[in-house]
>>> print(open('start04.txt').read())   # compact mmCIF, C-alpha atoms
# COMPACT_ATOMS: atom_id res chain seq x y z
CA MET A 1 147.44 104.61 103.45
CA SER A 2 149.42 103.82 100.29
CA LYS A 3 149.27 100.49 98.53
CA LYS A 4 152.76 99.54 99.70
CA GLU A 5 151.86 100.33 103.32
CA MET A 6 148.70 98.21 103.39
CA PRO A 7 149.01 95.15 105.66
CA ILE A 8 148.55 91.70 104.13
CA GLY A 9 146.40 88.82 105.38
CA THR A 10 144.65 85.76 104.01
CA THR A 11 141.42 84.73 105.72
CA SER A 12 138.30 85.79 107.60
CA VAL A 13 135.76 83.50 109.29
CA ALA A 14 132.50 83.86 111.20
CA LEU A 15 130.71 81.27 113.33
CA ARG A 16 128.10 80.98 116.04
CA PHE A 17 128.14 79.89 119.64
CA ASP A 18 125.20 79.62 122.05
CA GLY A 19 123.82 83.16 122.26
CA GLY A 20 126.61 84.85 120.30
CA ALA A 21 128.96 84.88 117.32
CA VAL A 22 132.65 85.35 116.45
CA LEU A 23 134.25 87.19 113.51
CA ALA A 24 138.01 86.62 113.03
CA ALA A 25 140.62 87.71 110.47
CA ASP A 26 144.40 87.88 110.13
CA HIS A 27 146.55 90.79 108.98
CA ARG A 28 150.12 92.01 108.94
CA GLY A 29 150.82 94.24 111.91
CA THR A 30 148.71 95.09 114.95
CA VAL A 31 146.00 97.70 114.33
CA ASP A 32 144.20 99.32 117.27
CA SER A 33 141.65 101.50 115.48
CA ASP A 34 138.04 100.40 115.12
CA THR A 35 138.13 100.82 111.36
CA CYS A 36 141.06 99.20 109.58
CA PHE A 37 142.10 98.85 105.94
CA TYR A 38 143.94 95.65 105.03
CA GLU A 39 145.46 94.22 101.89
CA TYR A 40 145.44 90.49 102.31
CA CYS A 41 146.78 88.58 99.31
CA GLU A 42 150.25 89.57 98.16
CA GLU A 43 150.03 87.54 94.95
CA THR A 44 146.75 89.08 93.74
CA GLU A 45 146.96 92.34 95.71
CA VAL A 46 143.44 91.96 97.13
CA PRO A 47 142.48 94.63 99.69
CA MET A 48 140.12 94.00 102.61
CA THR A 49 138.26 96.34 104.93
CA LEU A 50 137.53 95.16 108.45
CA GLY A 51 135.57 97.57 110.57
CA MET A 52 132.59 98.58 112.65
CA LEU A 53 129.33 99.55 110.98
CA GLY A 54 127.89 101.77 113.70
CA THR A 55 127.54 100.10 117.11
CA THR A 56 125.39 97.16 116.02
CA ARG A 57 127.56 95.25 113.56
CA ALA A 58 130.95 94.77 111.91
CA ALA A 59 132.05 93.47 108.53
CA THR A 60 134.93 92.14 106.49
CA ILE A 61 134.84 93.05 102.80
CA ALA A 62 137.39 91.69 100.32
CA GLY A 63 138.01 92.54 96.67
CA PRO A 64 140.65 93.80 94.21
CA SER A 65 139.54 97.46 94.19
CA GLY A 66 140.47 99.09 97.49
CA GLU A 67 138.98 102.53 96.86
CA VAL A 68 135.64 100.97 95.88
CA LEU A 69 135.66 98.83 99.02
CA ARG A 70 136.38 101.76 101.30
CA SER A 71 133.80 104.03 99.67
CA ILE A 72 130.97 101.48 99.82
CA GLU A 73 131.72 100.48 103.41
CA ASP A 74 131.87 104.15 104.48
CA THR A 75 128.49 104.85 102.85
CA LEU A 76 126.84 101.91 104.62
CA ARG A 77 128.40 102.80 107.98
CA ASP A 78 127.29 106.44 107.72
CA ARG A 79 123.72 105.41 106.93
CA LEU A 80 123.57 102.99 109.88
CA VAL A 81 125.08 105.53 112.30
CA GLU A 82 122.56 108.16 111.17
CA ALA A 83 119.69 105.73 111.78
CA GLU A 84 121.06 104.78 115.21
CA GLU A 85 121.41 108.40 116.31
CA ALA A 86 117.84 109.13 115.19
CA ASN A 87 116.65 105.96 116.94
CA LYS A 88 115.12 104.76 113.68
CA GLN A 89 114.52 101.17 112.64
CA LEU A 90 117.75 99.78 111.15
CA GLU A 91 118.00 97.70 108.03
CA THR A 92 118.67 94.07 108.95
CA VAL A 93 122.12 92.48 108.77
CA GLU A 94 120.98 90.55 105.70
CA GLU A 95 119.73 93.76 104.09
CA SER A 96 123.12 95.38 104.75
CA ALA A 97 124.85 92.49 102.98
CA ASN A 98 122.42 92.65 100.07
CA HIS A 99 122.89 96.43 99.89
CA LEU A 100 126.65 95.90 99.56
CA CYS A 101 126.03 93.41 96.76
CA ARG A 102 123.80 95.84 94.90
CA ARG A 103 126.32 98.66 95.28
CA TYR A 104 129.06 96.53 93.75
CA ALA A 105 126.76 95.62 90.88
CA THR A 106 126.51 99.33 89.94
CA VAL A 107 130.28 99.69 89.61
CA ARG A 108 131.59 99.59 86.07
CA GLU A 109 133.32 96.24 85.62
CA PRO A 110 132.56 95.34 89.28
CA PRO A 111 135.37 93.50 91.06
CA ARG A 112 135.00 90.01 92.46
CA VAL A 113 134.26 90.56 96.14
CA GLU A 114 133.32 88.65 99.27
CA MET A 115 131.94 90.00 102.52
CA ILE A 116 130.79 88.81 105.94
CA VAL A 117 128.51 91.00 108.07
CA VAL A 118 127.91 90.07 111.73
CA GLY A 119 125.74 91.82 114.31
CA TRP A 120 122.22 92.69 115.43
CA ASP A 121 119.24 93.80 113.39
CA ASP A 122 118.22 96.64 115.73
CA VAL A 123 119.70 99.19 118.11
CA LYS A 124 118.54 97.25 121.19
CA LYS A 125 120.95 94.45 120.22
CA GLU A 126 118.75 91.80 121.77
CA GLY A 127 119.01 88.07 121.18
CA ALA A 128 121.58 86.19 119.15
CA PRO A 129 123.52 88.15 116.50
CA CYS A 130 123.07 87.43 112.80
CA ILE A 131 125.73 86.36 110.28
CA SER A 132 125.33 87.13 106.58
CA TYR A 133 127.69 86.23 103.73
CA CYS A 134 127.60 88.02 100.41
CA ASN A 135 129.61 88.27 97.19
CA ASP A 136 129.14 90.35 94.06
CA MET A 137 126.61 87.81 92.76
CA CYS A 138 124.32 87.01 95.70
CA GLY A 139 124.00 86.90 99.49
CA HIS A 140 122.46 84.75 102.19
CA ASN A 141 122.14 84.39 105.94
CA VAL A 142 124.56 81.94 107.52
CA LYS A 143 123.15 79.27 109.84
CA GLU A 144 126.37 78.18 111.53
CA ASN A 145 129.69 79.31 109.95
CA THR A 146 131.36 80.72 106.85
CA SER A 147 134.79 81.76 105.56
CA ALA A 148 136.11 84.27 103.02
CA GLY A 149 139.38 85.32 101.41
CA PRO A 150 142.18 83.45 99.64
CA GLY A 151 142.55 81.08 102.62
CA ARG A 152 138.84 80.18 102.78
CA ASP A 153 139.31 76.55 101.67
CA HIS A 154 141.99 75.89 104.28
CA ALA A 155 139.79 77.51 106.94
CA ALA A 156 136.68 75.60 105.87
CA ALA A 157 138.39 72.29 106.65
CA ILE A 158 138.79 73.44 110.28
CA LEU A 159 135.26 74.83 110.44
CA ASP A 160 133.94 71.34 109.65
CA GLY A 161 134.56 70.71 113.36
CA HIS A 162 132.00 73.37 114.33
CA GLU A 163 128.98 71.95 116.18
CA ILE A 164 125.70 73.37 117.45
CA GLY A 165 125.85 74.07 121.17
CA MET A 166 129.55 74.93 121.36
CA CYS A 167 130.43 77.50 124.02
CA GLU A 168 132.18 80.82 123.39
CA GLU A 169 135.65 79.52 124.32
CA GLU A 170 135.33 76.54 121.95
CA VAL A 171 134.17 78.71 119.06
CA VAL A 172 136.92 81.32 119.59
CA GLN A 173 139.47 78.50 119.55
CA LEU A 174 137.99 77.08 116.33
CA ALA A 175 138.00 80.53 114.70
CA GLU A 176 141.66 81.07 115.66
CA GLU A 177 142.63 77.65 114.32
CA ALA A 178 140.70 78.24 111.06
CA VAL A 179 142.36 81.61 110.37
CA LEU A 180 145.74 80.14 111.36
CA GLU A 181 145.21 77.29 108.89
CA GLY A 182 144.49 79.82 106.15
CA ALA A 183 147.70 81.68 106.98
CA ILE A 184 149.77 78.49 107.00
CA GLY A 185 148.22 77.41 103.71
CA TYR A 186 149.46 80.65 102.13
CA GLY A 187 152.88 80.59 103.79
CA LYS A 188 152.12 83.64 105.94
CA LYS A 189 154.70 83.97 108.75
CA GLU A 190 153.96 87.27 110.46
CA GLY A 191 151.23 89.62 111.57
CA SER A 192 148.31 89.46 113.96
CA LEU A 193 144.95 87.78 114.35
CA ASP A 194 141.86 89.79 115.35
CA VAL A 195 138.91 88.08 117.04
CA TRP A 196 135.65 90.01 117.51
CA VAL A 197 133.12 88.45 119.91
CA PHE A 198 129.44 89.45 119.66
CA LYS A 199 127.40 88.69 122.78
CA ASN A 200 125.02 90.34 125.25
CA GLY A 201 124.72 93.40 123.02
CA GLN A 202 128.48 94.05 122.98
CA ILE A 203 131.26 93.68 120.42
CA ILE A 204 134.59 92.85 122.04
CA LYS A 205 137.84 92.81 120.04
CA LYS A 206 141.03 90.92 120.89
CA SER A 207 144.31 90.98 118.92
CA GLN A 208 147.20 88.48 119.14
CA LEU A 209 150.44 88.02 117.28
CA MET A 210 150.14 85.22 114.73
CA THR A 211 153.32 83.64 116.12
CA GLU A 212 151.65 83.42 119.55
CA VAL A 213 148.56 81.81 118.04
CA ALA A 214 150.70 79.26 116.19
CA LYS A 215 152.59 78.43 119.38
CA LYS A 216 149.32 78.02 121.29
CA TYR A 217 148.15 75.35 118.86
CA GLY A 218 151.52 73.67 118.33
CA ARG A 219 151.87 74.80 114.71
CA SER A 220 154.85 76.16 112.79
CA LEU A 221 154.63 79.21 110.52
>>> encode(input="start04.txt", output="structure tokens")
Amino acid sequence: MSKKEMPIGTTSVALRFDGGAVLAADHRGTVDSDTCFYEYCEETEVPMTLGMLGTTRAATIAGPSGEVLRSIEDTLRDRLVEAEEANKQLETVEESANHLCRRYATVREPPRVEMIVVGWDDVKKEGAPCISYCNDMCGHNVKENTSAGPGRDHAAAILDGHEIGMCEEEVVQLAEEAVLEGAIGYGKKEGSLDVWVFKNGQIIKKSQLMTEVAKKYGRSL
């Protein structure tokens, strides 16, 4: 996909609900494939990958060097898939995030990057999924919620309404509103919003037009 063809978005968020988690991001155009390549800030031309890492987790990775992003994500995904197929112990979600940080640190003049990894630590996919945030400096596990991308500050204001014990429907709504707020903050008027729900050992993806999301919440793009 050429630079001019890359879709543009602004924000990704991740947050927990009782027994599960949600990962959401916006982009220009509707993409059906499991592994997508987005460019999400027109002013700074920042690319973002959003895709599955095997069957146990997914990630958003944002930074100004698209080829570096794609290469590092592909390497991590291949390693996780190989471990899954051999039924070996997987690295944890936090270890995946830290691995991404270390890989960026080895790049000459490493770009400023942010990433969110969500999923389970093992192939059995038991219990609540983990959320880990990482940038090119450091990483950490996320207790409740986090945001990334140029619209992160706009989204964070919405995520302040996140509370322990919220159900899936409430958290999906909050994630949609947070990503929508990031899009509005950057004057984004088109595209789609992807929501990935992690629960009961499954990752379920839903896409909506951004105009439909705005209408749902009584907002204007």
>>> closest_residue(input="start04.txt", among="A:Met52, A:Val142, A:Val93, A:Met115", to="A:Asp78", atoms="only C-alpha atoms")
A:Met52
>>> atom_distance(input="start04.txt", atom1="atom CA of A:Leu80", atom2="atom CA of A:His27")
26.0 Å
>>> residues_around(input="start04.txt", residues="stretch 126-135 of chain A", least_positions_apart="6", cutoff="9 Å", atoms="all atoms listed in the file", output="MDAnalysis selection string")
chainID A and resid 14:16 18:21 57 92:94 96:98 100:101 104 112:120 141:148 198:201
>>> atom_distance(input="start04.txt", atom1="atom CA of A:Asp194", atom2="atom CA of A:Gln208")
6.7 Å
>>> atom_distance(input="start04.txt", atom1="atom CA of A:Gly51", atom2="atom CA of A:Asp160")
26.3 Å
>>> closest_residue(input="start04.txt", among="A:Thr75, A:Gln89, A:Thr10, A:Thr106", to="A:Leu180", atoms="only C-alpha atoms")
A:Thr10
>>> residues_around(input="start04.txt", residues="A:Ala25", least_positions_apart="4", cutoff="10 Å", atoms="all atoms listed in the file", output="PyMOL selection string")
chain A and resi 9-14+40+50+60+147-149+175-176+178-180+182-183+192-196+207
>>> residues_near_point(input="start04.txt", point="(132.2, 72.0, 112.2)", cutoff="10 Å", atoms="only C-alpha atoms", output="list in words")
Leu15, Glu144, Asn145, Ala156, Ala157, Ile158, Leu159, Asp160, Gly161, His162, Glu163, Ile164, Met166, Val171 and Leu174 of chain A
>>> write_last_selection(input="start04.txt", atoms="C-alpha atoms", output="short mmCIF file (atom, residue, chain, number, x, y, z; two decimals), keeping the file's coordinate frame")
data_model
loop_
_atom_site.label_atom_id
_atom_site.label_comp_id
_atom_site.auth_asym_id
_atom_site.auth_seq_id
_atom_site.Cartn_x
_atom_site.Cartn_y
_atom_site.Cartn_z
CA LEU A 15 130.71 81.27 113.33
CA GLU A 144 126.37 78.18 111.53
CA ASN A 145 129.69 79.31 109.95
CA ALA A 156 136.68 75.60 105.87
CA ALA A 157 138.39 72.29 106.65
CA ILE A 158 138.79 73.44 110.28
CA LEU A 159 135.26 74.83 110.44
CA ASP A 160 133.94 71.34 109.65
CA GLY A 161 134.56 70.71 113.36
CA HIS A 162 132.00 73.37 114.33
CA GLU A 163 128.98 71.95 116.18
CA ILE A 164 125.70 73.37 117.45
CA MET A 166 129.55 74.93 121.36
CA VAL A 171 134.17 78.71 119.06
CA LEU A 174 137.99 77.08 116.33
#
>>> closest_residue(input="start04.txt", among="A:Glu84, A:Asp153, A:Glu95, A:Glu212", to="A:Lys125", atoms="all atoms listed in the file")
A:Glu84
>>> closest_residue(input="start04.txt", among="A:Ala86, A:Val123, A:Ala105, A:Met210", to="A:Val68", atoms="only C-alpha atoms")
A:Ala105
>>> axis_aligned_box(input="start04.txt", around="stretch 75-87 of chain A", padding_each_side="6 Å", output="JSON")
{"center_x": 122.6, "center_y": 105.5, "center_z": 109.9, "size_x": 23.8, "size_y": 19.2, "size_z": 26.1}
>>> closest_residue(input="start04.txt", among="A:Ser220, A:Gln173, A:Asn87, A:Thr55", to="A:Gly185", atoms="all atoms listed in the file")
A:Ser220
>>> closest_residue(input="start04.txt", among="A:Ile61, A:Cys167, A:Val22, A:Leu53", to="A:Asp136", atoms="only C-alpha atoms")
A:Ile61
